[in-house]
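Worksheet: one structure, shown below.
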Amino acid sequence: MPSVPPAPPTAPQLDALVVGAGFSGLYQLYRLRELGLSVRVVEACDDIGGTWYRNRYPGARCDIESTSYSYSFSPELDQEWEWSERYATQPELLRYLQHVADRFGLREHITLGSRVTRAAYDEAGHFWRVTTDSGEVLTARFVVLATGCMSAVKDPDVPGAAAFTGRSLHTADWPHEGVDLTGRRVAVIGTGCSGVQAIPLIAGQAASLTVFQRTAVYALPAHNRPLSVEENAELKARYPQFRIAQRQSRGGTLFEPPTGSALAADEAERAVAYEKGWESGLLSGLLRTYNDLLVDADANETVAEFVRSKIRSIVTDPETARTLSPRGIPYGTKRPCLDTGYYDTYNEPHVSVVDLVETPIVEITADGIRTSEREHSVDVIVYATGFDALTGSQTAIDIVGKGGTTLREKWADGPRNHLGLLSSGFPNLFTVVGPLSPSVLSNAVVAIEQHVEWITDCVAHLRERGLTEIDATEEAEEEWCAHVADLADLTLYPAVASWYTGANVPGKPRVFLAYTGGLDRYRAQCDATARDGYRGFALAAPEGA
């Protein structure tokens, strides 16, 4: 009796499933729909917006200029949207993303209030079986993790947090109705970018504010202001050329790269250059002055001391100024912050800072925060304690690849992938601005568009050829991880305990998590890989095809 051939694997319900509906997810949905694919976005929040839906704390705004921190794919969108400020606030950024979703008809393909909890790869069928927290199971040929660099909220690692009888808030999960802190005794734990933005506004309401500082931060004045009608018109006239230049730039923002060494300049020359960078109101203003600030410790110390001198000139109490001045941390190796009145806030009589290096927190009590020195009684604790950056949003999902290996197991010693896009053994699972890509060292929106467009072109390439699987090869992955580490080792970044290296999360492997070679160089490598038939990736058709 002739043998019966095995039945072909069941076709997946969807061509692609995208996890997350922020900047990344919306654009990925738009591009895949352009290919005519069946696509569904699953978003855990109750509306679109991603980072800009959840982060509603006082003072939340972008730290890349609004006109740059926006999509470039649609000239019509560029012309119709009016940015009101140099650095847009969270409500304006959320309105922008909602406008994009409505303008391009994206909402009907988005499921809100649904969190992906598990994704398991079907090796025979070349598709993913995805489970949500409601128990729904979806199958998709491709899965794109558009879950964001900074979306996995880091639980405050402070003993006794549950014992506090006052109100506890987290900057990354701020109540939508807002919070009135008038007359309240408030504590803020953490002075990263969220804390730096929130502290001046909280101080404006609170009866008293005590800031618990783990690490002093370098903050530069934003010099934020409204954008005039004339400025908007001038920008719109040159947007087409500006957008092209953005995409070709090293970091997604436009400037002339410095060519001189800080150590080759004399003190007076450096003072002029640093003052110009300080007054520019740009996140990278100081790093644009000399070419050796991130690779030479002595050069870096010149700019670090400049910022410390600025802190001393602003903060009137010498001891407070000393506490707020970073030492032993090269400038720029932790993400600098843009501020509006941050250092000035500490001149207010009702604001104080506690140095947790000298007097660490022992525990949270029913009435407040006990340090090794004393107890601070407060009514409200605001945790500005950050995120499990770059990898946390992926390892939060139970992702099971080939051979039953989980992503958590594979990444036990740090993330591993090729080009920051696919991890070997997890085929058809793409990541947008995840680890080992330029991501957080660039203008995120420009990096997002580059990733989304590469992924879209890759999917189109596979479909045109009847292929159903793409996986990074182990050899290419090994080479890429080594390349990223080698480039990082040429800089001052890896030696510093920061969220760039995972040091802010207890037990997280210490690996430098981003590609330091620049977005322009990275884009060229990704493009070359695609031109070479997706060199470094294994492409496959269904069995028997």
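Residues in the structure tokens are numbered from 1 in each chain, the chains being A, B, ... in the order shown, and ligands are numbered from 1 in the order shown.
All residues of protein, DNA or RNA that reach within 9 Å of Asp180 in chain A, judged by only C-alpha atoms and not counting those fewer than 4 positions away in the chain, are Arg184, Gln205 and Ala206 of chain A.
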Go ahead and write the selection's residues with N, CA and C atoms as a PDB file, in the first residue's frame.
```
ATOM      1  N   ARG A 184       1.580  68.322  50.505  1.00  0.00           N
ATOM      2  CA  ARG A 184       2.024  66.991  50.922  1.00  0.00           C
ATOM      3  C   ARG A 184       3.534  66.968  51.144  1.00  0.00           C
ATOM      4  N   GLN A 205       4.554  72.045  44.001  1.00  0.00           N
ATOM      5  CA  GLN A 205       3.305  71.746  44.694  1.00  0.00           C
ATOM      6  C   GLN A 205       3.514  71.352  46.147  1.00  0.00           C
ATOM      7  N   ALA A 206       4.520  70.563  46.397  1.00  0.00           N
ATOM      8  CA  ALA A 206       4.670  69.909  47.694  1.00  0.00           C
ATOM      9  C   ALA A 206       4.989  70.896  48.817  1.00  0.00           C
TER      10      ALA A 206
END
```
Any chance you could list, as a ChimeraX atom specification, the residues in range 20-190 of chain A that come up alpha helix (DSSP H) when DSSP is run on the backbone?
/A:23-34,51-54,75-80,90-103
So which residues touch range 243-255 of chain A within 6 Å, counting only C-alpha atoms, skipping near sequence neighbours fewer than 5 positions away, as a PyMOL selection string?
chain A and resi 442-443+446+518-520
Residues of range 126-187 of chain A that approach range 20-27 of chain A to 8 Å or less, counting only C-alpha atoms: could you list each one with the shortest pair of atoms and its distance in Å to one decimal, rows by chain and increasing residue number, as a Markdown table?
```
| residue | atom | partner | partner_atom | distance |
| --- | --- | --- | --- | --- |
| A:Leu145 | CA | A:Gly20 | CA | 7.1 |
| A:Ala146 | CA | A:Gly20 | CA | 5.1 |
| A:Thr147 | CA | A:Gly20 | CA | 5.0 |
| A:Gly148 | CA | A:Ser24 | CA | 7.5 |
```
Selection from above, N, CA, C and O atoms, as a compact mmCIF listing (two decimals), in the first residue's frame, can you write it?
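Final file, part_15.txt:
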```txt
# COMPACT_ATOMS: atom_id res chain seq x y z
N LEU A 145 8.68 42.21 17.82
CA LEU A 145 8.63 42.76 19.17
C LEU A 145 8.93 44.25 19.10
O LEU A 145 10.08 44.67 18.99
N ALA A 146 7.86 45.04 19.12
CA ALA A 146 7.98 46.50 19.12
C ALA A 146 7.66 46.99 20.52
O ALA A 146 6.86 47.90 20.72
N THR A 147 8.32 46.36 21.47
CA THR A 147 7.98 46.54 22.88
C THR A 147 8.74 47.67 23.56
O THR A 147 8.51 47.95 24.73
N GLY A 148 9.67 48.30 22.85
CA GLY A 148 10.32 49.49 23.38
C GLY A 148 11.57 49.20 24.19
O GLY A 148 11.72 48.15 24.81
```
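For the set A:Leu227, A:Ala265, A:Ala233, A:Val452, the residue with the smallest atom-to-atom gap to Asp78 in chain A is A:Ala233, counting only C-alpha atoms.
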Applying 9 Å and only C-alpha atoms, which residues near Thr340 in chain A remain after dropping the ones on its own chain fewer than 2 positions away? List them as a ChimeraX atom specification.
/A:59,196-197,200,220-224,338,342-344
Any idea what's packed within 10 Å of Lys402 in chain A, counting only C-alpha atoms, ignoring anything in its chain fewer than 2 positions away? Could you give it as an MDAnalysis selection string?
chainID A and resid 120:123 400 404:406 424:427
If you run DSSP on this backbone, which residues of range 360-517 of chain A come out as strand (DSSP E or B), and could you give them as a tab-separated table (two decimals) with all heavy atoms, in the first residue's frame?
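Output below, filename out-v4.tsv:
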```tsv
chain	number	residue	atom	x	y	z
A	361	ILE	N	19.37	53.75	52.08
A	361	ILE	CA	18.06	53.36	52.60
A	361	ILE	C	18.16	52.00	53.27
A	361	ILE	O	18.68	51.05	52.70
A	361	ILE	CB	17.01	53.33	51.48
A	361	ILE	CG1	16.75	54.75	50.94
A	361	ILE	CG2	15.70	52.70	51.98
A	361	ILE	CD1	15.80	54.79	49.76
A	362	VAL	N	17.66	51.94	54.47
A	362	VAL	CA	17.59	50.67	55.20
A	362	VAL	C	16.28	49.97	54.89
A	362	VAL	O	16.24	48.77	54.61
A	362	VAL	CB	17.74	50.90	56.72
A	362	VAL	CG1	17.56	49.59	57.49
A	362	VAL	CG2	19.10	51.52	57.04
A	363	GLU	N	15.18	50.73	54.94
A	363	GLU	CA	13.87	50.15	54.65
A	363	GLU	C	12.83	51.25	54.48
A	363	GLU	O	13.03	52.40	54.90
A	363	GLU	CB	13.43	49.22	55.79
A	363	GLU	CG	13.25	49.93	57.11
A	363	GLU	CD	12.73	49.01	58.22
A	363	GLU	OE1	12.21	47.94	57.88
A	363	GLU	OE2	12.83	49.40	59.40
A	364	ILE	N	11.75	50.88	53.85
A	364	ILE	CA	10.56	51.72	53.83
A	364	ILE	C	9.72	51.31	55.05
A	364	ILE	O	9.51	50.12	55.30
A	364	ILE	CB	9.73	51.52	52.55
A	364	ILE	CG1	10.59	51.74	51.30
A	364	ILE	CG2	8.53	52.44	52.54
A	364	ILE	CD1	11.10	53.13	51.11
A	368	GLY	N	7.35	56.30	56.29
A	368	GLY	CA	8.26	56.95	55.37
A	368	GLY	C	9.47	56.11	55.01
A	368	GLY	O	9.35	54.90	54.77
A	369	ILE	N	10.64	56.73	55.03
A	369	ILE	CA	11.87	56.09	54.56
A	369	ILE	C	12.92	56.19	55.66
A	369	ILE	O	13.25	57.29	56.12
A	369	ILE	CB	12.37	56.78	53.28
A	369	ILE	CG1	11.32	56.66	52.17
A	369	ILE	CG2	13.70	56.16	52.82
A	369	ILE	CD1	11.64	57.48	50.93
A	370	ARG	N	13.45	55.05	56.04
A	370	ARG	CA	14.52	55.03	57.05
A	370	ARG	C	15.86	54.80	56.36
A	370	ARG	O	16.03	53.81	55.63
A	370	ARG	CB	14.29	53.94	58.09
A	370	ARG	CG	15.42	53.87	59.15
A	370	ARG	CD	15.16	52.81	60.21
A	370	ARG	NE	14.02	53.16	61.03
A	370	ARG	CZ	12.94	52.41	61.21
A	370	ARG	NH1	12.87	51.22	60.60
A	370	ARG	NH2	11.96	52.80	61.99
A	371	THR	N	16.76	55.74	56.54
A	371	THR	CA	18.13	55.56	56.06
A	371	THR	C	19.01	55.12	57.22
A	371	THR	O	18.53	54.97	58.36
A	371	THR	CB	18.68	56.88	55.48
A	371	THR	OG1	18.87	57.82	56.54
A	371	THR	CG2	17.75	57.45	54.43
A	375	GLU	N	15.00	58.39	60.17
A	375	GLU	CA	13.77	58.16	59.43
A	375	GLU	C	13.22	59.49	58.91
A	375	GLU	O	13.20	60.49	59.62
A	375	GLU	CB	12.72	57.47	60.29
A	375	GLU	CG	11.43	57.18	59.51
A	375	GLU	CD	10.50	56.21	60.23
A	375	GLU	OE1	10.85	55.73	61.31
A	375	GLU	OE2	9.41	55.94	59.67
A	376	HIS	N	12.77	59.47	57.64
A	376	HIS	CA	12.15	60.64	57.01
A	376	HIS	C	10.66	60.33	56.87
A	376	HIS	O	10.28	59.45	56.09
A	376	HIS	CB	12.76	60.90	55.65
A	376	HIS	CG	14.24	61.15	55.68
A	376	HIS	ND1	14.79	62.42	55.63
A	376	HIS	CD2	15.30	60.29	55.77
A	376	HIS	CE1	16.11	62.33	55.67
A	376	HIS	NE2	16.44	61.04	55.76
A	377	SER	N	9.82	61.07	57.58
A	377	SER	CA	8.37	60.85	57.50
A	377	SER	C	7.81	61.61	56.31
A	377	SER	O	8.06	62.81	56.15
A	377	SER	CB	7.70	61.33	58.79
A	377	SER	OG	8.14	60.55	59.88
A	380	VAL	N	3.87	60.86	50.65
A	380	VAL	CA	3.87	60.28	49.30
A	380	VAL	C	5.30	59.89	48.94
A	380	VAL	O	6.24	60.66	49.19
A	380	VAL	CB	3.35	61.29	48.25
A	380	VAL	CG1	3.37	60.67	46.85
A	380	VAL	CG2	1.95	61.77	48.60
A	381	ILE	N	5.46	58.69	48.37
A	381	ILE	CA	6.76	58.28	47.83
A	381	ILE	C	6.61	58.12	46.32
A	381	ILE	O	5.74	57.39	45.84
A	381	ILE	CB	7.25	56.95	48.43
A	381	ILE	CG1	7.46	57.08	49.94
A	381	ILE	CG2	8.56	56.50	47.76
A	381	ILE	CD1	7.86	55.78	50.63
A	382	VAL	N	7.46	58.83	45.58
A	382	VAL	CA	7.50	58.72	44.12
A	382	VAL	C	8.75	57.94	43.75
A	382	VAL	O	9.87	58.36	44.05
A	382	VAL	CB	7.53	60.10	43.45
A	382	VAL	CG1	7.68	59.95	41.94
A	382	VAL	CG2	6.27	60.90	43.79
A	383	TYR	N	8.56	56.79	43.14
A	383	TYR	CA	9.68	55.97	42.68
A	383	TYR	C	10.02	56.37	41.24
A	383	TYR	O	9.22	56.17	40.33
A	383	TYR	CB	9.33	54.49	42.74
A	383	TYR	CG	9.13	53.96	44.14
A	383	TYR	CD1	7.85	53.83	44.68
A	383	TYR	CD2	10.21	53.59	44.92
A	383	TYR	CE1	7.65	53.34	45.96
A	383	TYR	CE2	10.03	53.11	46.21
A	383	TYR	CZ	8.74	52.98	46.73
A	383	TYR	OH	8.57	52.50	48.00
A	387	PHE	N	13.98	51.50	34.51
A	387	PHE	CA	13.50	50.37	33.71
A	387	PHE	C	14.56	49.27	33.62
A	387	PHE	O	15.75	49.52	33.81
A	387	PHE	CB	13.19	50.84	32.28
A	387	PHE	CG	12.18	51.95	32.21
A	387	PHE	CD1	12.58	53.27	32.31
A	387	PHE	CD2	10.83	51.67	32.07
A	387	PHE	CE1	11.66	54.31	32.25
A	387	PHE	CE2	9.90	52.70	32.01
A	387	PHE	CZ	10.32	54.01	32.10
A	398	ASP	N	7.37	34.81	27.92
A	398	ASP	CA	7.91	33.44	27.89
A	398	ASP	C	8.05	33.04	26.43
A	398	ASP	O	7.12	32.52	25.82
A	398	ASP	CB	6.96	32.50	28.64
A	398	ASP	CG	7.47	31.06	28.65
A	398	ASP	OD1	8.69	30.87	28.47
A	398	ASP	OD2	6.64	30.15	28.84
A	399	ILE	N	9.23	33.30	25.87
A	399	ILE	CA	9.48	33.04	24.45
A	399	ILE	C	10.24	31.73	24.31
A	399	ILE	O	11.32	31.56	24.88
A	399	ILE	CB	10.28	34.19	23.82
A	399	ILE	CG1	9.47	35.50	23.91
A	399	ILE	CG2	10.63	33.88	22.37
A	399	ILE	CD1	10.21	36.73	23.45
A	400	VAL	N	9.67	30.79	23.55
A	400	VAL	CA	10.24	29.46	23.39
A	400	VAL	C	10.59	29.25	21.92
A	400	VAL	O	9.72	29.27	21.05
A	400	VAL	CB	9.26	28.36	23.86
A	400	VAL	CG1	9.93	26.99	23.79
A	400	VAL	CG2	8.76	28.66	25.28
A	406	THR	N	14.30	28.56	25.76
A	406	THR	CA	13.65	29.84	25.98
A	406	THR	C	14.64	30.98	25.76
A	406	THR	O	15.85	30.81	25.90
A	406	THR	CB	13.07	29.96	27.40
A	406	THR	OG1	14.15	30.02	28.35
A	406	THR	CG2	12.16	28.77	27.72
A	418	HIS	N	21.93	38.76	15.96
A	418	HIS	CA	22.68	39.24	14.81
A	418	HIS	C	22.06	40.56	14.35
A	418	HIS	O	20.84	40.64	14.12
A	418	HIS	CB	22.66	38.22	13.68
A	418	HIS	CG	23.49	38.63	12.50
A	418	HIS	ND1	24.68	39.30	12.61
A	418	HIS	CD2	23.27	38.49	11.15
A	418	HIS	CE1	25.18	39.54	11.42
A	418	HIS	NE2	24.34	39.06	10.51
A	422	LEU	N	17.60	39.58	14.99
A	422	LEU	CA	17.12	38.22	15.20
A	422	LEU	C	18.13	37.45	16.05
A	422	LEU	O	19.34	37.56	15.82
A	422	LEU	CB	16.93	37.49	13.87
A	422	LEU	CG	15.72	37.86	13.03
A	422	LEU	CD1	16.13	38.17	11.61
A	422	LEU	CD2	14.70	36.72	13.03
A	429	LEU	N	11.37	35.98	14.44
A	429	LEU	CA	11.07	36.82	15.60
A	429	LEU	C	12.00	38.04	15.54
A	429	LEU	O	13.17	37.97	15.92
A	429	LEU	CB	11.29	36.04	16.90
A	429	LEU	CG	11.03	36.81	18.20
A	429	LEU	CD1	9.53	37.06	18.37
A	429	LEU	CD2	11.58	36.05	19.40
A	430	PHE	N	11.46	39.13	15.06
A	430	PHE	CA	12.24	40.35	14.89
A	430	PHE	C	12.08	41.26	16.11
A	430	PHE	O	11.05	41.26	16.77
A	430	PHE	CB	11.77	41.12	13.65
A	430	PHE	CG	11.92	40.38	12.36
A	430	PHE	CD1	10.85	39.72	11.78
A	430	PHE	CD2	13.14	40.36	11.69
A	430	PHE	CE1	10.97	39.05	10.58
A	430	PHE	CE2	13.29	39.70	10.48
A	430	PHE	CZ	12.20	39.04	9.92
A	431	THR	N	13.10	42.06	16.35
A	431	THR	CA	13.05	43.06	17.42
A	431	THR	C	13.35	44.43	16.85
A	431	THR	O	14.29	44.59	16.06
A	431	THR	CB	14.07	42.74	18.52
A	431	THR	OG1	13.79	41.45	19.06
A	431	THR	CG2	14.00	43.76	19.63
A	437	SER	N	21.89	47.06	19.11
A	437	SER	CA	21.65	47.96	17.97
A	437	SER	C	21.86	49.38	18.48
A	437	SER	O	22.01	49.59	19.68
A	437	SER	CB	20.24	47.77	17.42
A	437	SER	OG	19.28	48.35	18.28
A	469	GLU	N	10.87	31.07	6.46
A	469	GLU	CA	11.64	31.13	7.70
A	469	GLU	C	12.96	31.85	7.48
A	469	GLU	O	13.64	31.68	6.46
A	469	GLU	CB	11.93	29.71	8.22
A	469	GLU	CG	12.68	29.70	9.56
A	469	GLU	CD	12.94	28.28	10.06
A	469	GLU	OE1	13.94	27.68	9.63
A	469	GLU	OE2	12.13	27.79	10.88
A	470	ILE	N	13.32	32.69	8.44
A	470	ILE	CA	14.63	33.32	8.48
A	470	ILE	C	15.15	33.23	9.92
A	470	ILE	O	14.42	33.52	10.87
A	470	ILE	CB	14.60	34.78	7.99
A	470	ILE	CG1	16.03	35.39	8.06
A	470	ILE	CG2	13.60	35.63	8.75
A	470	ILE	CD1	16.16	36.73	7.36
A	471	ASP	N	16.40	32.81	10.04
A	471	ASP	CA	17.01	32.66	11.36
A	471	ASP	C	18.45	33.13	11.28
A	471	ASP	O	19.12	32.93	10.25
A	471	ASP	CB	16.96	31.18	11.80
A	471	ASP	CG	17.26	31.00	13.29
A	471	ASP	OD1	17.37	32.02	14.01
A	471	ASP	OD2	17.37	29.84	13.72
A	472	ALA	N	18.93	33.77	12.31
A	472	ALA	CA	20.34	34.16	12.36
A	472	ALA	C	21.19	32.91	12.51
A	472	ALA	O	20.83	31.99	13.26
A	472	ALA	CB	20.58	35.11	13.52
A	514	ALA	N	24.28	48.35	23.81
A	514	ALA	CA	23.99	49.08	22.58
A	514	ALA	C	25.20	49.09	21.65
A	514	ALA	O	26.33	48.85	22.07
A	514	ALA	CB	23.57	50.52	22.91
```
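Residue nearest Glu34 in chain A, chosen from A:Thr456, A:Gln213, A:Ser423, A:Thr111 and counting only C-alpha atoms: A:Thr456.
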